[in-house]
Amino acid sequence: MTEETASTPTNFILDAVAEDLRTARFKHVRTRFPPEPNGYLHIGHAKAICIDFGIAQAYGGDTNLRFDDTNPVKEDTEYVDAIQEDIRWLGFDWAGEPLYASDYFEQLYQYALQLIRAGKAYVCDLSPDEVRQYRGTLTEPGRNSPFRDRSIEENLDLFQRMRAGEFPDGARTLRAKIDMASGNLNLRDPVMYRILHAEHHRTGNAWCIYPMYDFAHGQSDSIEGITHSLCDLAYEDHRPLYDWFIENLGIFHTRQMEFARLNVNYTILSKRFLRQLVDQGYVLGWDDPRMPTLRGMRRRGYTPAAIRAFIDQVGVSKKESLVDIGLLEHAVREDLNQRAPRVMAVLEPVKLVLINYPEGQVEYLEAVNNPEDESAGTRQVPFSRELYIEAEDFREQPPPKYFRLAPGSEVRLRWGYIIKCVDFVKDADGRVTEIHATYDPATRGGYAPDGRKVKGTIHWVSARHALAAEVRLYDRLFRVENPNRIEEGGSFMDHLNPQSLTVLANCMVEPSLADAAHEAHYQFERKGFFSVDSDSKPGALVFNRTVTLRDTWAKIEDKHKQGG
RNA sequence: UGGGGGCUCGUCCAAUGGUAGGACAGUAGACUCUGGAUCUAUUGAUAGGGGUUCGAAUCCUCUGCCCCCAGCCA
């Protein structure tokens with residue numbers, strides 16, 4: 001029926017893969033997602049995941065999960081479990097068991113031997129500092145290492161002794177013999193192996209030499225029969241080297257293609273910076289709901305479907321961009337609007353007394369659970385003489401176009417009655433502490449039998465039935481659009497938003513929330529989408545605000561304030 | 001004064017020599033028991049100059065601007 005079946009927009013990688021299939025460069029598609037297990041996954045990885053898995057899915061291929069664990073000093077098993085959990089949560093699954101670059105250490109070693117025998121690699125005794133000096137600069141060519149022309153026999157001997165542990169860290173390296181004058185620095189005899197007497201999270205102390213990324217990644221792709229190795233633009237300069245190793249080794253030729261990484265405004269997606277936020281206590285952990293980590297977003301209430309939709313909208317290109325976080329917010333709202341049950345919760349309560357409502361009386365009113373989903377049904381909400389309503393839903397002096405409660409004005413209590421404000425009480429500081437109103441018994445359920453128009457509808461909760469709850473409101477972590485841009489001598493920390501977390505400790509929510517499960521999503525009517533925090537317990541409920549609802553009234557009010 | 005990339009509405013992505021289109025944001029209106037949702041309409045862009053062509057965002061050329069690379073990190 002729907003002729004315009006949301007034709008998934010194409011992109012240059014999809015096109016290239018289709019072309020490769022058409023020209024029979026490859027007969028099938030196999031991709032890989034290669035995280036380094038040295039941190040938690042974030043929304044930027046979600047883009048890579050969606051691309052890596054998505055491209056394969058699009059052509060009926062599969063995707064390997066391969067941990068890029070070639071640097072034992074930075075990696076840890078703590079992360080390999082978390083990464084797998086996050087990928088699954090996002091909604092993807094890999095072919096077979098998770099793989100590890102470290103599984104190929106022996107094979108990689110043999111490849112190195114092969115290049116040495118071919119006269120294409122040599123053991124170099126230069127110190128790290130000397131290597132830097134010999135490398136030259138961006139505009140000046142480098143110089144050949146004095147060890148460049150060692151005999152094959154000597155190289156073989158030395159490299160085997162490197163493996164045997166005869167030399168201390170940093171004493172020697174194995175280097176590819178390419179071109180010290182290349183304009184591409186990656187081709188100036190890049191280091192293939194370094195000596196590192198460190199325990200590896202999987203291979204333990206079996207090795208004291210470890211391959212560099214450049215000597216591990218391409219071959220790992222090749223070994224696994226990866227057809228398309230999709231990565232960050234940062235590796236564009238590495239592609240000639242990637243190809244060089246594959247060609248000189250004469251092994252299966254994976255095709256590497258690069259796309260622009262994701263950047264989102266008002267946030268930061270550098271593992272190093274995220275780690276600082278955690279280590280220095282600016283956030284409560286990797287799963288702090290303000291963090292752009294998958295775990296943080298999950299706790300905040302973002303859904304996998306929303307994140308995937310967001311990534312789809314962002315698209316794939318080679319242009320470095322800064323995506324508006326509004327797009328992400330739109331994606332969650334759209335998803336949660338369909339699935340989140342509606343519920344009434346008063347975040348900043350003020351008491352409302354219906355002076356003509358019988359004392360002690362309780363009645364149960366029927367409320368629709370989700371107007372977007374009839375199958376969600378209805379529930380009974382207790383109603384009584386004393387209620388809580390939102391403090392901001394009453395104004396002693398209402399501004400123009402204010403539809404809510406004010407002295408003498410009428411408003412509808414959602415699913416309840418139409419009421420009229422007759423009085424209010426203020427404390428010594430001038431704060432409204434109690435509002436008095438009369439209710440119209442003829443309007444039960446919120447309907448006006450006389451057809452009278454009541455513009456405003458507000459949410460409420462019965463005082464004696466309400467459950468106390470803590471609600472955590474989040475705002476962007478940074479005050480500036482691009483916290484990655486740092487002034488001289490400054491730090492991205494300078495741009496932190498000190499108001500990124502607001503805890504509301506005295507909220508009142510309707511009793512149906514008593515057994516709300518962790519991670520359950522709700523819409524608090526008129527306030528936003530919320531999810532149950534992992535700190536939440538029966539009797540001590542805690543909710544996180546995922547995102548507010550669109551608020552056109554706030555916009556109108558802002559305009560009035562500015563316009564005067 | 002090296003090498004590699006990139007410049008299309010405010011933002012992100014399309015248009016693959018043939019009407020510059022979509023999404024988000026914005027604006028205006030309709031509807032509404034959520035100032036939500038929904039619906040309708042609407043503003044708004046090819047970095048600049050030259051060239052090829054009946055026709056250029058697309059091809060050529062010159063210029064400008066932006067990003068990445070000098071780890072024994074990935």
# chains A, B, ... in the order shown; residues from 1 in each chain; ligands from 1

$ interface_residues --of "chain B" --to "chain A" --cutoff "6 Å" --atoms "only C-alpha atoms (C1' of nucleotides)" --output "count of residues only"
12

$ residues_around --residues "region 293-299 of chain A" --least-positions-apart "5" --cutoff "10 Å" --atoms "only C-alpha atoms (C1' of nucleotides)" --output "PyMOL selection string"
chain A and resi 39-46+82-83+85-87+89-90+269+271+274+285-288+304+307+518-519+531-534+543-546

$ residues_around --residues "A45 (chain B)" --least-positions-apart "4" --cutoff "10 Å" --atoms "only C-alpha atoms (C1' of nucleotides)" --output "PyMOL selection string"
chain B and resi 8-9+20

$ atom_distance --atom1 "CA of Asn64 (chain A)" --atom2 "CA of Ala95 (chain A)"
5.4 Å

$ select_by_dssp --residues "region 48-118 of chain A" --states "helix (DSSP H, G or I)" --output "MDAnalysis selection string"
chainID A and resid 48:58 77:90 101:117

$ write_last_selection --atoms "N, CA and C atoms" --output "CSV table (one decimal), in the first residue's frame"
chain,number,residue,atom,x,y,z
A,48,ALA,N,29.2,4.0,14.2
A,48,ALA,CA,30.0,3.0,13.6
A,48,ALA,C,29.3,1.6,13.6
A,49,ILE,N,28.7,1.3,14.7
A,49,ILE,CA,28.0,0.0,14.9
A,49,ILE,C,26.9,-0.1,13.8
A,50,CYS,N,26.1,1.0,13.8
A,50,CYS,CA,25.0,1.0,12.8
A,50,CYS,C,25.5,0.9,11.4
A,51,ILE,N,26.6,1.5,11.1
A,51,ILE,CA,27.1,1.4,9.7
A,51,ILE,C,27.7,0.0,9.5
A,52,ASP,N,28.5,-0.4,10.4
A,52,ASP,CA,29.2,-1.7,10.2
A,52,ASP,C,28.1,-2.9,10.1
A,53,PHE,N,27.2,-2.9,11.0
A,53,PHE,CA,26.2,-4.0,11.0
A,53,PHE,C,25.2,-3.7,9.9
A,54,GLY,N,24.8,-2.4,9.8
A,54,GLY,CA,23.8,-2.1,8.8
A,54,GLY,C,24.1,-2.4,7.4
A,55,ILE,N,25.4,-2.1,7.0
A,55,ILE,CA,25.8,-2.4,5.6
A,55,ILE,C,25.7,-3.9,5.3
A,56,ALA,N,26.2,-4.6,6.3
A,56,ALA,CA,26.2,-6.1,6.1
A,56,ALA,C,24.8,-6.6,6.0
A,57,GLN,N,23.9,-6.1,6.9
A,57,GLN,CA,22.5,-6.5,6.9
A,57,GLN,C,21.9,-6.2,5.5
A,58,ALA,N,22.2,-5.0,5.0
A,58,ALA,CA,21.6,-4.5,3.8
A,58,ALA,C,21.9,-5.5,2.6
A,77,THR,N,39.7,-6.6,30.4
A,77,THR,CA,38.5,-7.4,30.2
A,77,THR,C,37.2,-6.7,30.7
A,78,GLU,N,37.4,-5.8,31.7
A,78,GLU,CA,36.2,-5.1,32.2
A,78,GLU,C,35.4,-4.5,31.0
A,79,TYR,N,36.1,-4.0,30.0
A,79,TYR,CA,35.5,-3.4,28.9
A,79,TYR,C,34.9,-4.4,27.9
A,80,VAL,N,35.6,-5.5,27.8
A,80,VAL,CA,35.1,-6.4,26.7
A,80,VAL,C,33.7,-6.9,27.0
A,81,ASP,N,33.4,-7.1,28.3
A,81,ASP,CA,32.0,-7.6,28.6
A,81,ASP,C,31.0,-6.4,28.4
A,82,ALA,N,31.4,-5.2,28.9
A,82,ALA,CA,30.5,-4.1,28.8
A,82,ALA,C,30.2,-3.8,27.3
A,83,ILE,N,31.2,-3.9,26.5
A,83,ILE,CA,31.0,-3.5,25.1
A,83,ILE,C,30.0,-4.5,24.4
A,84,GLN,N,30.2,-5.8,24.7
A,84,GLN,CA,29.3,-6.8,24.1
A,84,GLN,C,27.8,-6.5,24.6
A,85,GLU,N,27.7,-6.2,25.9
A,85,GLU,CA,26.3,-5.9,26.4
A,85,GLU,C,25.7,-4.7,25.7
A,86,ASP,N,26.5,-3.7,25.5
A,86,ASP,CA,26.0,-2.5,24.9
A,86,ASP,C,25.6,-2.7,23.4
A,87,ILE,N,26.4,-3.5,22.7
A,87,ILE,CA,26.1,-3.7,21.3
A,87,ILE,C,24.8,-4.5,21.2
A,88,ARG,N,24.6,-5.5,22.1
A,88,ARG,CA,23.4,-6.2,22.1
A,88,ARG,C,22.2,-5.4,22.4
A,89,TRP,N,22.4,-4.5,23.4
A,89,TRP,CA,21.3,-3.6,23.8
A,89,TRP,C,20.9,-2.7,22.7
A,90,LEU,N,21.9,-2.3,21.9
A,90,LEU,CA,21.6,-1.4,20.8
A,90,LEU,C,20.8,-2.1,19.7
A,101,ALA,N,42.0,-9.4,18.1
A,101,ALA,CA,43.2,-9.3,17.3
A,101,ALA,C,44.3,-10.1,18.0
A,102,SER,N,44.3,-10.3,19.3
A,102,SER,CA,45.3,-11.1,20.0
A,102,SER,C,45.3,-12.5,19.6
A,103,ASP,N,44.1,-13.0,19.1
A,103,ASP,CA,44.1,-14.4,18.6
A,103,ASP,C,45.0,-14.6,17.4
A,104,TYR,N,45.4,-13.5,16.8
A,104,TYR,CA,46.3,-13.6,15.6
A,104,TYR,C,47.7,-13.3,15.8
A,105,PHE,N,48.1,-13.1,17.1
A,105,PHE,CA,49.5,-12.8,17.4
A,105,PHE,C,50.5,-13.7,16.7
A,106,GLU,N,50.3,-15.0,16.8
A,106,GLU,CA,51.2,-15.9,16.2
A,106,GLU,C,51.3,-15.7,14.6
A,107,GLN,N,50.1,-15.6,14.1
A,107,GLN,CA,50.0,-15.4,12.6
A,107,GLN,C,50.7,-14.1,12.2
A,108,LEU,N,50.4,-13.1,13.0
A,108,LEU,CA,51.0,-11.8,12.7
A,108,LEU,C,52.6,-11.9,12.8
A,109,TYR,N,53.0,-12.7,13.7
A,109,TYR,CA,54.4,-12.8,13.9
A,109,TYR,C,55.0,-13.5,12.7
A,110,GLN,N,54.3,-14.5,12.2
A,110,GLN,CA,54.7,-15.2,10.9
A,110,GLN,C,54.8,-14.2,9.7
A,111,TYR,N,53.8,-13.4,9.7
A,111,TYR,CA,53.7,-12.4,8.6
A,111,TYR,C,54.9,-11.5,8.7
A,112,ALA,N,55.3,-11.1,9.9
A,112,ALA,CA,56.5,-10.3,10.1
A,112,ALA,C,57.7,-11.0,9.5
A,113,LEU,N,57.9,-12.2,9.9
A,113,LEU,CA,59.0,-13.0,9.5
A,113,LEU,C,59.0,-13.0,7.9
A,114,GLN,N,57.8,-13.2,7.3
A,114,GLN,CA,57.7,-13.2,5.9
A,114,GLN,C,58.3,-11.9,5.2
A,115,LEU,N,57.9,-10.8,5.9
A,115,LEU,CA,58.4,-9.5,5.3
A,115,LEU,C,59.9,-9.4,5.5
A,116,ILE,N,60.4,-9.9,6.6
A,116,ILE,CA,61.8,-9.7,6.9
A,116,ILE,C,62.6,-10.6,5.8
A,117,ARG,N,62.1,-11.8,5.6
A,117,ARG,CA,62.7,-12.6,4.6
A,117,ARG,C,62.7,-12.0,3.2

$ atom_distance --atom1 "CA of Ala520 (chain A)" --atom2 "CA of Ser462 (chain A)"
22.8 Å

$ atom_distance --atom1 "CA of Pro399 (chain A)" --atom2 "CA of Lys559 (chain A)"
12.3 Å

$ residues_around --residues "G26 (chain B)" --least-positions-apart "5" --cutoff "10 Å" --atoms "only C-alpha atoms (C1' of nucleotides)" --output "ChimeraX atom specification"
/B:10,43-44

$ residues_around --residues "Arg290 (chain A)" --least-positions-apart "4" --cutoff "9 Å" --atoms "only C-alpha atoms (C1' of nucleotides)" --output "PyMOL selection string"
chain A and resi 283+296-297+300+474-477+500-501

$ closest_residue --among "A:Cys208, A:Glu19, A:Asn497, A:Pro398" --to "Gly165 (chain A)" --atoms "only C-alpha atoms"
A:Cys208

$ residues_around --residues "A57 (chain B)" --least-positions-apart "4" --cutoff "12 Å" --atoms "only C-alpha atoms (C1' of nucleotides)" --output "PyMOL selection string"
chain B and resi 7-8+14-17+20+45-47

$ closest_residue --among "A:Glu366, A:Asn263, A:Arg395, A:Ile355" --to "Ile419 (chain A)" --atoms "only C-alpha atoms"
A:Ile355

$ residues_around --residues "Pro358 (chain A)" --least-positions-apart "2" --cutoff "12 Å" --atoms "only C-alpha atoms (C1' of nucleotides)" --output "ChimeraX atom specification"
/A:353-356,360-363,383-386,438-439,441

$ decode --residues "chain B" --atoms "C-alpha atoms (C1' of nucleotides)" --output "compact mmCIF listing (two decimals), in the first residue's frame"
# COMPACT_ATOMS: atom_id res chain seq x y z
C1' U B 1 56.92 25.57 0.50
C1' G B 2 54.79 17.90 2.18
C1' G B 3 50.67 14.30 1.99
C1' G B 4 45.44 13.12 2.50
C1' G B 5 40.29 14.77 2.75
C1' G B 6 36.09 18.26 2.70
C1' C B 7 32.86 22.72 1.28
C1' U B 8 24.45 22.14 -0.82
C1' C B 9 18.85 25.64 3.57
C1' G B 10 20.32 27.55 10.68
C1' U B 11 21.67 21.82 11.28
C1' C B 12 22.22 16.83 8.99
C1' C B 13 21.56 14.24 4.47
C1' A B 14 19.84 13.64 -0.97
C1' A B 15 19.90 15.10 -6.14
C1' U B 16 25.24 10.12 -9.84
C1' G B 17 24.87 16.31 -16.80
C1' G B 18 18.06 17.40 -17.10
C1' U B 19 12.31 20.97 -12.18
C1' A B 20 17.95 21.69 -6.08
C1' G B 21 14.47 17.59 -2.47
C1' G B 22 13.79 15.34 2.63
C1' A B 23 14.41 15.40 7.97
C1' C B 24 15.24 18.46 12.31
C1' A B 25 14.80 23.47 13.84
C1' G B 26 11.87 28.05 12.72
C1' U B 27 7.27 30.63 11.29
C1' A B 28 1.76 30.75 10.48
C1' G B 29 -2.74 28.22 10.97
C1' A B 30 -6.19 23.92 12.07
C1' C B 31 -7.40 20.43 15.74
C1' U B 32 -7.03 18.97 20.81
C1' C B 33 -9.33 16.98 28.11
C1' U B 34 -1.34 16.89 27.63
C1' G B 35 0.25 24.66 25.54
C1' G B 36 1.94 16.98 24.01
C1' A B 37 0.63 14.31 19.59
C1' U B 38 -1.50 14.98 14.73
C1' C B 39 -2.59 17.84 10.23
C1' U B 40 -1.86 21.99 6.68
C1' A B 41 0.93 25.83 4.79
C1' U B 42 5.51 28.37 4.76
C1' U B 43 10.69 30.73 5.20
C1' G B 44 15.36 29.05 3.78
C1' A B 45 21.14 26.58 0.39
C1' U B 46 24.87 24.76 -4.26
C1' A B 47 32.15 28.84 -0.98
C1' G B 48 33.94 32.49 -5.13
C1' G B 49 35.72 33.47 -10.32
C1' G B 50 36.34 31.55 -15.21
C1' G B 51 35.33 27.56 -18.77
C1' U B 52 32.88 23.05 -21.39
C1' U B 53 27.58 22.12 -22.58
C1' C B 54 21.18 23.15 -25.48
C1' G B 55 21.53 22.38 -20.15
C1' A B 56 26.37 22.20 -14.44
C1' A B 57 25.56 21.27 -7.33
C1' U B 58 27.48 17.45 -10.66
C1' C B 59 32.70 17.86 -15.71
C1' C B 60 37.41 21.16 -16.37
C1' U B 61 40.23 25.27 -14.27
C1' C B 62 41.88 28.97 -10.88
C1' U B 63 41.10 30.97 -5.97
C1' G B 64 39.44 30.83 -0.95
C1' C B 65 38.21 28.50 3.58
C1' C B 66 37.95 24.13 6.97
C1' C B 67 39.73 19.29 8.89
C1' C B 68 43.45 15.26 9.56
C1' C B 69 48.77 13.39 9.67
C1' A B 70 55.35 14.38 12.53
C1' G B 71 52.86 7.84 19.17
C1' C B 72 57.32 2.40 20.03
C1' C B 73 48.29 4.88 20.84
C1' A B 74 44.10 2.99 18.17
